[in-house]
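Here's the structure we're looking at; comments come further down.
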Amino acid sequence: MPTAVELLVRDAELLVVDGAREIPGGWVAVDGGRVTAVGAAGTEPEARTTLSAAGRLVTPGLINTHHHIYQNLTRSYAPAVNGTLFDWLTTLYPLWAALDEEAAYVSAYVGMAELLMGGCTTSSDHLYVHPRPGLVDAEIRAARDIGFRFHATRGSMTRSVEDGGLPPRSVTQTEDEVLADSERLIKTHHDPRPGALIRVALAPCSPFSVTRELMTATAELAERHDVRLHTHLAEDHDEDTYCLETYGCRPVEYFEAAGWMSDRTWVAHCIYPNDAELRRLAAAGVGVAHCPSSNMLIGGGTARVKEMRELGLPVGIGCDGSASTDHASLWMETRGALLLGRYRGGPGAMTARDALDIATRGSARCLGRADEIGHLRPGACADLVVWDLHEVALAGALSDPVEAWLRCGPARAWTTVVAGRVLVDRGEPVLPGLRDALTDHGRIARRMQAMA
């Protein structure tokens, strides 16, 4: 008699295996943190635990390729909400100078709970302010406590206001400090094995916040340790002006000269490359984290996603900072990608399936993990979401569950599974430390915003 699998998710209205295969009435079998089989109703294996997805859509877990989780401590901060990108940054940098290990841990714990509730099963995070040591370690500790799949990116800033940059000295570091801690984090936390929950990437914040020497040395360090690279690129017209005045070239030219034009790299936003630059990025295999809500709220334009995908660039979804987007729902970001794509290119430019593919397989390519996340083929990591839409919202949506998922909404994760573990059940996080984390988060946020 066959051995029962650990977990069976069954009776989905529709199971999306990947961009090429969907199974009405489908099921997913999970064992040892991996998908072992998928199939249609009537062929299910025996299972020790069975979850019903009756009447619901099941998809691979959504993947977040760009975030600043710590910023949930300063969400919707009134003095910053209506400024340009540079105004917004200079207003908030002094507040973020108060970040310490406790703040990094509780913001990460709360932020990861929010991501899970929005159907995210893997997230990167770009922590680039380092007023105190140990902040990335604290985030990784939160991810391990939860059981979340997490790509920590060791961000950095070395050019303070005194050096011609934007941030105050209090949140910057020296190049030696950045490189030493980057290497320490890789050796301490990066797990290169298949199925890893924790990985580390290196991520100088932006062309205008670090020196060229650090950009180059970071690329060399990433090559030496075989880890990925991440940064902001071509996000704002002010960035074009700054790079031309400071380096005598455009941001993408500077990026290439610093040794970053590689398939090891993915970048956030990438709104303003010209046609020739876009082709060079595509030829090198650079990935792009598309951040729809942040683009709309800051009002700085949006990535040319359709053209990028046609050129072959890996394009994923990012929810961006919790103080610019002010939420961490990958469902909202995926819907935003659908809307912006159609707004830019017309109704044929983006479908719900295109947007889902960006948020799953495209994001997995950005993180260098297309073989094992972003799909539910046998052998994949067992990261999946059972989606819930209220029956009132779904009334009349009879013909296409995937289109209804993004068009009707709002949708929430009814069940979120990471590495075979149920972390959201019936719409609620299954996280024993969440209540204490929320209490601590409120105390720290009030203090940081001078509202204590």
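Lettering and numbering for the structure tokens are positional, with chains as A, B, ... in the shown order, residues counted from 1 in each chain, and ligands counted from 1 in the shown order.
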
>> Give me the residues near Ala355 in chain A as an MDAnalysis selection string, where near means some atom within 8 Å (using only C-alpha atoms) and where sequence neighbours in that chain fewer than 3 positions away do not count.
In response: chainID A and resid 334:335 337:338 350:352 358:359

Select from range 43-135 of chain A every residue with an atom at most 10 Å from any atom of range 198-206 of chain A, then for each give the shortest pair of atoms and their distance in Å to one decimal, using only C-alpha atoms, rows by chain and rising number, as a tab-separated table.
residue	atom	partner	partner_atom	distance
A:Thr122	CA	A:Ile198	CA	9.8
A:Ser124	CA	A:Ala201	CA	8.9
A:Asp125	CA	A:Ala201	CA	9.5
A:His126	CA	A:Ala203	CA	7.0
A:Leu127	CA	A:Ala203	CA	8.4
A:Tyr128	CA	A:Cys205	CA	5.9
A:Val129	CA	A:Cys205	CA	8.8

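Excluding Pro429 in chain A itself and same-chain residues fewer than 2 positions from it, the residues having an atom within 10 Å of it are Met112, Ala113, Glu114, Leu116, Met117, Ala413, Trp414, Thr415, Thr416, Val422, Leu423, Val424, Asp425, Arg426, Gly427, Leu431, Pro432 and Leu434 of chain A, counting only C-alpha atoms.
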
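Note that CA of Arg48 in chain A and CA of Ala29 in chain A are 10.7 Å apart.
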
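Take CA of Tyr109 in chain A and CA of Ile444 in chain A: the distance between them is 13.5 Å.
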
> Can you list, as a ChimeraX atom specification, every protein, DNA or RNA residue that comes within 12 Å of Glu175 in chain A when you count only C-alpha atoms, leaving out same-chain residues fewer than 5 positions away?
Replying inline: /A:155-159,180-182,204,209-218

Output the selection as a compact mmCIF listing (two decimals), in the first residue's frame - C-alpha atoms for each residue.
# COMPACT_ATOMS: atom_id res chain seq x y z
CA GLY A 155 21.99 47.12 1.39
CA SER A 156 24.40 49.97 1.93
CA MET A 157 24.88 53.72 1.66
CA THR A 158 28.29 55.42 1.88
CA ARG A 159 27.63 58.86 0.34
CA ALA A 180 33.28 43.28 5.85
CA ASP A 181 29.69 42.91 7.02
CA SER A 182 28.53 41.76 3.59
CA PRO A 204 24.17 48.93 -2.54
CA SER A 209 24.10 56.78 -2.37
CA VAL A 210 27.36 54.79 -2.74
CA THR A 211 30.68 55.33 -4.45
CA ARG A 212 31.70 53.70 -7.70
CA GLU A 213 34.45 51.91 -5.78
CA LEU A 214 31.90 50.21 -3.55
CA MET A 215 29.70 49.26 -6.50
CA THR A 216 32.67 47.59 -8.18
CA ALA A 217 33.96 45.87 -5.03
CA THR A 218 30.46 44.57 -4.24

> Which of these, A:Arg144, A:Arg21, A:His130, A:His151, has the shortest distance to Gly368 in chain A once you count only C-alpha atoms?
Replying inline: A:His151

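The spacing separating CA of Leu8 in chain A from CA of Trp27 in chain A amounts to 7.0 Å.
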
>> List the spatial neighbours of His232 in chain A as a PyMOL selection string - criterion: any atom at most 8 Å away, only C-alpha atoms, same-chain residues fewer than 6 positions off excluded.
In response: chain A and resi 205-207+267-270

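Counting only C-alpha atoms, Asp100 in chain A has the following residues at most 10 Å away, ignoring those fewer than 6 positions along the same chain: His130, Pro131, Arg132, Pro133, Gly134, Leu135, Ala138 and Ile444 of chain A.
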
>> Residues of range 262-437 of chain A classed as strand (DSSP E or B) by DSSP on the backbone are to be reported as a ChimeraX atom specification.
In response: /A:265-269,287-290,315-317,320-321,381,384-388,412-418,421-425,428-429

> Using only C-alpha atoms, which residues sit within 9 Å of Asp145 in chain A once same-chain residues fewer than 3 positions away are excluded, as a ChimeraX atom specification?
Replying inline: /A:109,140-142,148,431,433

Keeping only all heavy atoms, write the selected residues to a file as a short mmCIF file (atom, residue, chain, number, x, y, z; two decimals), in the first residue's frame.
data_model
loop_
_atom_site.label_atom_id
_atom_site.label_comp_id
_atom_site.auth_asym_id
_atom_site.auth_seq_id
_atom_site.Cartn_x
_atom_site.Cartn_y
_atom_site.Cartn_z
N TYR A 109 8.97 40.73 11.34
CA TYR A 109 7.97 39.72 11.74
C TYR A 109 6.58 40.15 11.29
O TYR A 109 5.84 39.38 10.65
CB TYR A 109 8.00 39.53 13.26
CG TYR A 109 7.36 38.24 13.73
CD1 TYR A 109 8.14 37.18 14.14
CD2 TYR A 109 5.97 38.09 13.77
CE1 TYR A 109 7.57 35.98 14.58
CE2 TYR A 109 5.39 36.91 14.20
CZ TYR A 109 6.20 35.86 14.61
OH TYR A 109 5.61 34.69 15.03
N ILE A 140 16.62 38.14 9.49
CA ILE A 140 16.77 36.70 9.20
C ILE A 140 16.25 35.87 10.38
O ILE A 140 15.60 34.83 10.18
CB ILE A 140 18.23 36.38 8.87
CG1 ILE A 140 18.60 37.00 7.52
CG2 ILE A 140 18.47 34.87 8.86
CD1 ILE A 140 20.08 36.92 7.17
N ARG A 141 16.49 36.34 11.58
CA ARG A 141 15.96 35.64 12.75
C ARG A 141 14.43 35.60 12.72
O ARG A 141 13.82 34.56 13.03
CB ARG A 141 16.46 36.32 14.03
CG ARG A 141 16.18 35.52 15.31
CD ARG A 141 17.01 36.04 16.47
NE ARG A 141 16.65 37.39 16.88
CZ ARG A 141 17.39 38.46 16.67
NH1 ARG A 141 18.55 38.37 16.04
NH2 ARG A 141 17.00 39.66 17.10
N ALA A 142 13.80 36.70 12.34
CA ALA A 142 12.34 36.72 12.23
C ALA A 142 11.86 35.73 11.17
O ALA A 142 10.88 35.00 11.38
CB ALA A 142 11.86 38.13 11.90
N PHE A 148 9.53 31.41 6.95
CA PHE A 148 9.27 32.13 5.70
C PHE A 148 10.48 31.98 4.77
O PHE A 148 11.62 31.93 5.23
CB PHE A 148 9.04 33.60 6.03
CG PHE A 148 8.56 34.45 4.90
CD1 PHE A 148 7.37 34.16 4.25
CD2 PHE A 148 9.28 35.57 4.51
CE1 PHE A 148 6.92 34.98 3.21
CE2 PHE A 148 8.84 36.39 3.49
CZ PHE A 148 7.66 36.09 2.83
N LEU A 431 0.86 32.24 13.42
CA LEU A 431 2.16 32.69 13.90
C LEU A 431 2.05 33.03 15.38
O LEU A 431 1.47 34.06 15.75
CB LEU A 431 2.62 33.93 13.12
CG LEU A 431 2.66 33.81 11.59
CD1 LEU A 431 3.08 35.14 10.97
CD2 LEU A 431 3.59 32.70 11.15
N GLY A 433 4.00 34.25 17.54
CA GLY A 433 4.63 35.47 18.04
C GLY A 433 4.03 36.76 17.52
O GLY A 433 4.51 37.85 17.85
#

>> I need the residue nearest Val38 in chain A from this list: A:Val161, A:Leu115, A:Leu376, A:Ala283. Use only C-alpha atoms for the distance.
In response: A:Leu376

So that each row is one residue of range 56-91 of chain A with an atom at most 10 Å from range 393-405 of chain A, can you give its shortest atom pair and the distance in Å to one decimal, using only C-alpha atoms, rows by chain and rising number, as CSV?
residue,atom,partner,partner_atom,distance
A:Arg56,CA,A:Pro401,CA,8.3
A:Leu57,CA,A:Pro401,CA,6.6
A:Val58,CA,A:Val402,CA,9.6
A:Thr59,CA,A:Val402,CA,9.4

> Which one is closest to Leu229 in chain A: A:Thr325, A:Thr65, A:Thr188, A:Thr172? Count only C-alpha atoms.
Replying inline: A:Thr65
